[in-house]
Amino acid sequence: MDLGTNTFHLLIAEVTSSGFNEIEHVQEPVKLGEGGINKGYIIEAAFNRGINTMQRFNSLLIKYQVQKLRAIATSALRNAENGDDFIKAVKTQTGIGIEIIDGDMEASFIYQGIKAAGCLSQPNSLIVDIGGGSVEFIICNADKILWKQSFEIGAARLMDTFHRTDPIPPESITALNLYLEDCLKSLFSATSKHAIENIIGSSGVFESYAEVIESAKGYPFDLKKTKHCEFNYDELLALIEKIVRSTHQDRLMVKKIIPIRIDMIVTASLLTRFVIEKLGVKKVVMSTNSLKEGVLAEMMG
């Protein structure tokens, strides 16, 4: 289980000699950070959504007779003052023990997930994982991690601070870019020491980009059958520009953007564009693997 700020994921898999077979993958738009993400508190409605989702997840664990479980919590729960209350309530009501991991461990799991997808090589890549609460950056290759850091600048946090009117106004974009310039100094220092060949976007918003772009061409695109794919740089930047200029209603009309990303995709896209343009990297890849696959890889040993 990947218990994120926006979405709770449950991945149930059967281990095989060559990897694993996915039995069930459920994602629930819990929005744990809604209304309290930058206040360090889980509001009552979000708290209850989270508990209800964990009860449903527990029913599936029983249905499939799951023998081994890890429930990993990230930014929202590690920063909320009532995060421990949530963990205790889940344990009492379901018996599920939740592990809170720090940003460094989160980045390590993301690396393992991306590596398992088979899209790392000897030249260095920069993995970017944009969550609701935090963003992880990992400079790595197929052999090892060269540098990693987690930043508490996830899409929900940025939206709460900068995206208060829709469409987002130019002055808010400027303010957000200045904020990122200041926050990400250590990233740019690291990339000056390690040459980057490509950027790998870890699931989430990058999956939405891929689905929107491919469906607009009339091409079939199944995330369950796609481990990774490379974007056309111009198509990706054009889509990001369209998203940034859009209204909430405009985005609702795009069927391939899932409901929980309808609003947060704006700040996530501004962050994506900022990093791509700042680093001058034109090769951008999407991987459907992320933290949960990395945790599963470790569980498989």
# chains A, B, ... in the order shown; residues from 1 in each chain; ligands from 1
>>> residues_around(residues="A:Leu176", least_positions_apart="3", cutoff="12 Å", atoms="only C-alpha atoms", output="list of chain:residue names")
A:Ile153, A:Ala155, A:Arg157, A:Leu158, A:Met159, A:Asp160, A:Thr161, A:Phe162, A:His163, A:Ile168, A:Pro169, A:Pro170, A:Glu171, A:Ser172, A:Ile173, A:Tyr179, A:Leu180, A:Glu181, A:Asp182, A:Cys183, A:Leu184, A:Val266, A:Thr267, A:Ala268, A:Ser269, A:Leu270, A:Leu271, A:Arg273, A:Phe274
>>> select_by_dssp(residues="stretch 100-202 of chain A", states="strand (DSSP E or B)", output="list in words")
Ile100, Ser125, Leu126, Ile127, Val128, Asp129, Ile130, Val135, Glu136, Phe137, Ile138, Ile139, Cys140, Ile145, Leu146, Trp147, Lys148, Gln149, Ser150, Phe151, Asn198, Ile199, Ile200, Gly201 and Ser202 of chain A
>>> closest_residue(among="A:Ile257, A:Thr74, A:Ile139, A:Ser59", to="A:Thr191", atoms="only C-alpha atoms")
A:Ile139
>>> atom_distance(atom1="atom CA of A:Ala45", atom2="atom CA of A:Lys31")
9.5 Å
>>> residues_around(residues="A:Ile262", least_positions_apart="4", cutoff="12 Å", atoms="only C-alpha atoms", output="CSV table (one decimal) with C-alpha atoms, in the first residue's frame")
chain,number,residue,atom,x,y,z
A,29,PRO,CA,-8.7,9.6,-4.4
A,155,ALA,CA,1.4,19.7,-6.3
A,156,ALA,CA,-1.2,20.0,-3.6
A,159,MET,CA,-1.8,24.6,-5.5
A,166,ASP,CA,-8.6,29.8,-12.3
A,205,VAL,CA,0.9,13.3,-13.8
A,208,SER,CA,-1.9,11.7,-17.7
A,243,ILE,CA,-3.0,22.9,-19.3
A,244,VAL,CA,-1.5,26.0,-17.7
A,246,SER,CA,-6.9,26.1,-19.1
A,247,THR,CA,-9.8,26.6,-16.8
A,248,HIS,CA,-11.3,24.0,-14.4
A,249,GLN,CA,-14.1,23.4,-16.9
A,250,ASP,CA,-11.6,23.0,-19.8
A,251,ARG,CA,-9.8,20.3,-17.9
A,252,LEU,CA,-13.0,18.5,-16.9
A,253,MET,CA,-13.6,18.0,-20.7
A,254,VAL,CA,-10.3,16.1,-21.1
A,255,LYS,CA,-11.4,12.5,-20.4
A,256,LYS,CA,-7.9,11.2,-19.9
A,257,ILE,CA,-7.2,13.4,-16.9
A,258,ILE,CA,-8.5,11.5,-13.9
A,266,VAL,CA,-1.7,22.8,-13.3
A,267,THR,CA,0.9,23.3,-10.6
A,268,ALA,CA,2.4,19.8,-11.4
A,269,SER,CA,2.7,20.9,-15.0
>>> residues_around(residues="A:Asp2", least_positions_apart="5", cutoff="7 Å", atoms="only C-alpha atoms", output="ChimeraX atom specification")
/A:8-10,71-73,292
>>> write_last_selection(atoms="N, CA and C atoms", output="PDB file, in the first residue's frame")
ATOM      1  N   PHE A   8      -4.509   6.855  -2.286  1.00  0.00           N
ATOM      2  CA  PHE A   8      -4.079   5.625  -1.636  1.00  0.00           C
ATOM      3  C   PHE A   8      -4.076   4.530  -2.696  1.00  0.00           C
ATOM      4  N   HIS A   9      -2.959   3.828  -2.821  1.00  0.00           N
ATOM      5  CA  HIS A   9      -2.823   2.734  -3.779  1.00  0.00           C
ATOM      6  C   HIS A   9      -2.736   1.405  -3.044  1.00  0.00           C
ATOM      7  N   LEU A  10      -3.412   0.412  -3.553  1.00  0.00           N
ATOM      8  CA  LEU A  10      -3.260  -0.963  -3.076  1.00  0.00           C
ATOM      9  C   LEU A  10      -2.839  -1.817  -4.259  1.00  0.00           C
ATOM     10  N   ALA A  71       2.444  -1.351   4.352  1.00  0.00           N
ATOM     11  CA  ALA A  71       1.647  -0.146   4.115  1.00  0.00           C
ATOM     12  C   ALA A  71       2.542   1.047   4.387  1.00  0.00           C
ATOM     13  N   ILE A  72       2.867   1.787   3.330  1.00  0.00           N
ATOM     14  CA  ILE A  72       3.852   2.869   3.402  1.00  0.00           C
ATOM     15  C   ILE A  72       3.152   4.218   3.313  1.00  0.00           C
ATOM     16  N   ALA A  73       3.428   5.076   4.288  1.00  0.00           N
ATOM     17  CA  ALA A  73       2.851   6.424   4.302  1.00  0.00           C
ATOM     18  C   ALA A  73       3.937   7.451   4.039  1.00  0.00           C
ATOM     19  N   LYS A 292       5.331   2.118  -5.074  1.00  0.00           N
ATOM     20  CA  LYS A 292       4.733   0.831  -4.684  1.00  0.00           C
ATOM     21  C   LYS A 292       5.452  -0.348  -5.328  1.00  0.00           C
TER      22      LYS A 292
END
>>> select_by_dssp(residues="stretch 138-217 of chain A", states="alpha helix (DSSP H)", output="PyMOL selection string")
chain A and resi 155-162+170-183+185-193+205-216
>>> residues_around(residues="A:His25", least_positions_apart="3", cutoff="10 Å", atoms="only C-alpha atoms", output="PyMOL selection string")
chain A and resi 1+9-13+22+224
>>> closest_residue(among="A:Pro123, A:Gly154, A:Gly113, A:Gly118", to="A:Asn6", atoms="only C-alpha atoms")
A:Gly154
>>> atom_distance(atom1="atom CA of A:Val281", atom2="atom CA of A:Met105")
26.2 Å
>>> closest_residue(among="A:Ala142, A:Ala216, A:Ile130, A:Cys119", to="A:Glu230", atoms="only C-alpha atoms")
A:Cys119
>>> residues_around(residues="A:Ile199", least_positions_apart="6", cutoff="9 Å", atoms="only C-alpha atoms", output="compact mmCIF listing (two decimals) with N, CA and C atoms, in the first residue's frame")
# COMPACT_ATOMS: atom_id res chain seq x y z
N SER A 125 20.26 9.38 -15.48
CA SER A 125 18.90 9.89 -15.61
C SER A 125 18.55 10.69 -14.36
N LEU A 126 17.57 11.58 -14.51
CA LEU A 126 16.99 12.26 -13.36
C LEU A 126 15.55 11.77 -13.24
N ILE A 127 15.26 11.04 -12.16
CA ILE A 127 13.89 10.61 -11.89
C ILE A 127 13.17 11.75 -11.17
N VAL A 128 11.95 12.05 -11.62
CA VAL A 128 11.12 13.07 -10.98
C VAL A 128 9.80 12.43 -10.59
N ILE A 276 12.32 20.89 -16.64
CA ILE A 276 12.77 20.54 -18.00
C ILE A 276 13.53 21.69 -18.64
N VAL A 281 17.00 19.67 -20.76
CA VAL A 281 16.96 18.27 -21.17
C VAL A 281 15.71 18.04 -22.02
N LYS A 282 15.89 17.53 -23.22
CA LYS A 282 14.76 17.36 -24.13
C LYS A 282 14.24 15.94 -24.23
N LYS A 283 14.98 14.99 -23.66
CA LYS A 283 14.51 13.61 -23.66
C LYS A 283 13.78 13.35 -22.35
N VAL A 284 12.46 13.17 -22.43
CA VAL A 284 11.63 12.96 -21.25
C VAL A 284 10.86 11.65 -21.43
N VAL A 285 10.93 10.81 -20.42
CA VAL A 285 10.34 9.47 -20.47
C VAL A 285 9.32 9.33 -19.34
N MET A 286 8.26 8.59 -19.58
CA MET A 286 7.29 8.26 -18.54
C MET A 286 7.45 6.81 -18.14
>>> atom_distance(atom1="atom CA of A:Met300", atom2="atom CA of A:Gln67")
12.5 Å
>>> residues_around(residues="A:Gly36", least_positions_apart="2", cutoff="10 Å", atoms="only C-alpha atoms", output="PDB file with N, CA and C atoms, in the first residue's frame")
ATOM      1  N   LEU A  32      -6.033  13.145   1.236  1.00  0.00           N
ATOM      2  CA  LEU A  32      -5.750  13.272   2.664  1.00  0.00           C
ATOM      3  C   LEU A  32      -5.271  14.677   3.031  1.00  0.00           C
ATOM      4  N   GLY A  33      -4.633  15.351   2.072  1.00  0.00           N
ATOM      5  CA  GLY A  33      -4.104  16.683   2.363  1.00  0.00           C
ATOM      6  C   GLY A  33      -5.084  17.819   2.123  1.00  0.00           C
ATOM      7  N   GLU A  34      -6.292  17.493   1.670  1.00  0.00           N
ATOM      8  CA  GLU A  34      -7.257  18.539   1.324  1.00  0.00           C
ATOM      9  C   GLU A  34      -7.601  19.412   2.536  1.00  0.00           C
ATOM     10  N   ASN A  38      -0.938  22.501   4.015  1.00  0.00           N
ATOM     11  CA  ASN A  38       0.108  23.436   4.447  1.00  0.00           C
ATOM     12  C   ASN A  38      -0.063  23.883   5.899  1.00  0.00           C
ATOM     13  N   LYS A  39      -1.058  23.286   6.576  1.00  0.00           N
ATOM     14  CA  LYS A  39      -1.275  23.589   7.994  1.00  0.00           C
ATOM     15  C   LYS A  39      -0.775  22.461   8.888  1.00  0.00           C
ATOM     16  N   GLY A  40      -0.364  21.354   8.255  1.00  0.00           N
ATOM     17  CA  GLY A  40       0.137  20.227   9.026  1.00  0.00           C
ATOM     18  C   GLY A  40      -0.938  19.496   9.798  1.00  0.00           C
ATOM     19  N   TYR A  41      -2.131  19.390   9.186  1.00  0.00           N
ATOM     20  CA  TYR A  41      -3.244  18.759   9.891  1.00  0.00           C
ATOM     21  C   TYR A  41      -4.165  18.073   8.887  1.00  0.00           C
ATOM     22  N   ILE A  42      -4.656  16.879   9.247  1.00  0.00           N
ATOM     23  CA  ILE A  42      -5.623  16.169   8.409  1.00  0.00           C
ATOM     24  C   ILE A  42      -7.018  16.542   8.899  1.00  0.00           C
ATOM     25  N   ILE A  43      -7.798  17.205   8.045  1.00  0.00           N
ATOM     26  CA  ILE A  43      -9.130  17.631   8.472  1.00  0.00           C
ATOM     27  C   ILE A  43     -10.048  16.408   8.604  1.00  0.00           C
ATOM     28  N   GLU A  44     -11.157  16.581   9.304  1.00  0.00           N
ATOM     29  CA  GLU A  44     -12.023  15.454   9.653  1.00  0.00           C
ATOM     30  C   GLU A  44     -12.530  14.691   8.431  1.00  0.00           C
ATOM     31  N   ALA A  46     -11.259  14.418   5.416  1.00  0.00           N
ATOM     32  CA  ALA A  46     -10.164  13.663   4.794  1.00  0.00           C
ATOM     33  C   ALA A  46      -9.770  12.472   5.662  1.00  0.00           C
ATOM     34  N   ALA A  76       1.935  13.482   3.614  1.00  0.00           N
ATOM     35  CA  ALA A  76       0.807  13.978   4.411  1.00  0.00           C
ATOM     36  C   ALA A  76       0.833  13.432   5.825  1.00  0.00           C
ATOM     37  N   ALA A  80       1.670  15.607   9.337  1.00  0.00           N
ATOM     38  CA  ALA A  80       0.440  16.009  10.024  1.00  0.00           C
ATOM     39  C   ALA A  80       0.557  15.763  11.526  1.00  0.00           C
ATOM     40  N   ALA A 156      -0.179  19.526  -4.437  1.00  0.00           N
ATOM     41  CA  ALA A 156      -1.236  20.035  -3.553  1.00  0.00           C
ATOM     42  C   ALA A 156      -0.742  21.230  -2.744  1.00  0.00           C
ATOM     43  N   ARG A 157       0.503  21.175  -2.292  1.00  0.00           N
ATOM     44  CA  ARG A 157       1.080  22.297  -1.538  1.00  0.00           C
ATOM     45  C   ARG A 157       1.213  23.528  -2.447  1.00  0.00           C
ATOM     46  N   ASP A 160      -2.232  25.036  -3.185  1.00  0.00           N
ATOM     47  CA  ASP A 160      -2.768  25.749  -2.029  1.00  0.00           C
ATOM     48  C   ASP A 160      -2.148  27.142  -1.893  1.00  0.00           C
TER      49      ASP A 160
END
>>> closest_residue(among="A:Thr288, A:Lys185, A:Gly50, A:Glu152", to="A:Glu211", atoms="only C-alpha atoms")
A:Thr288
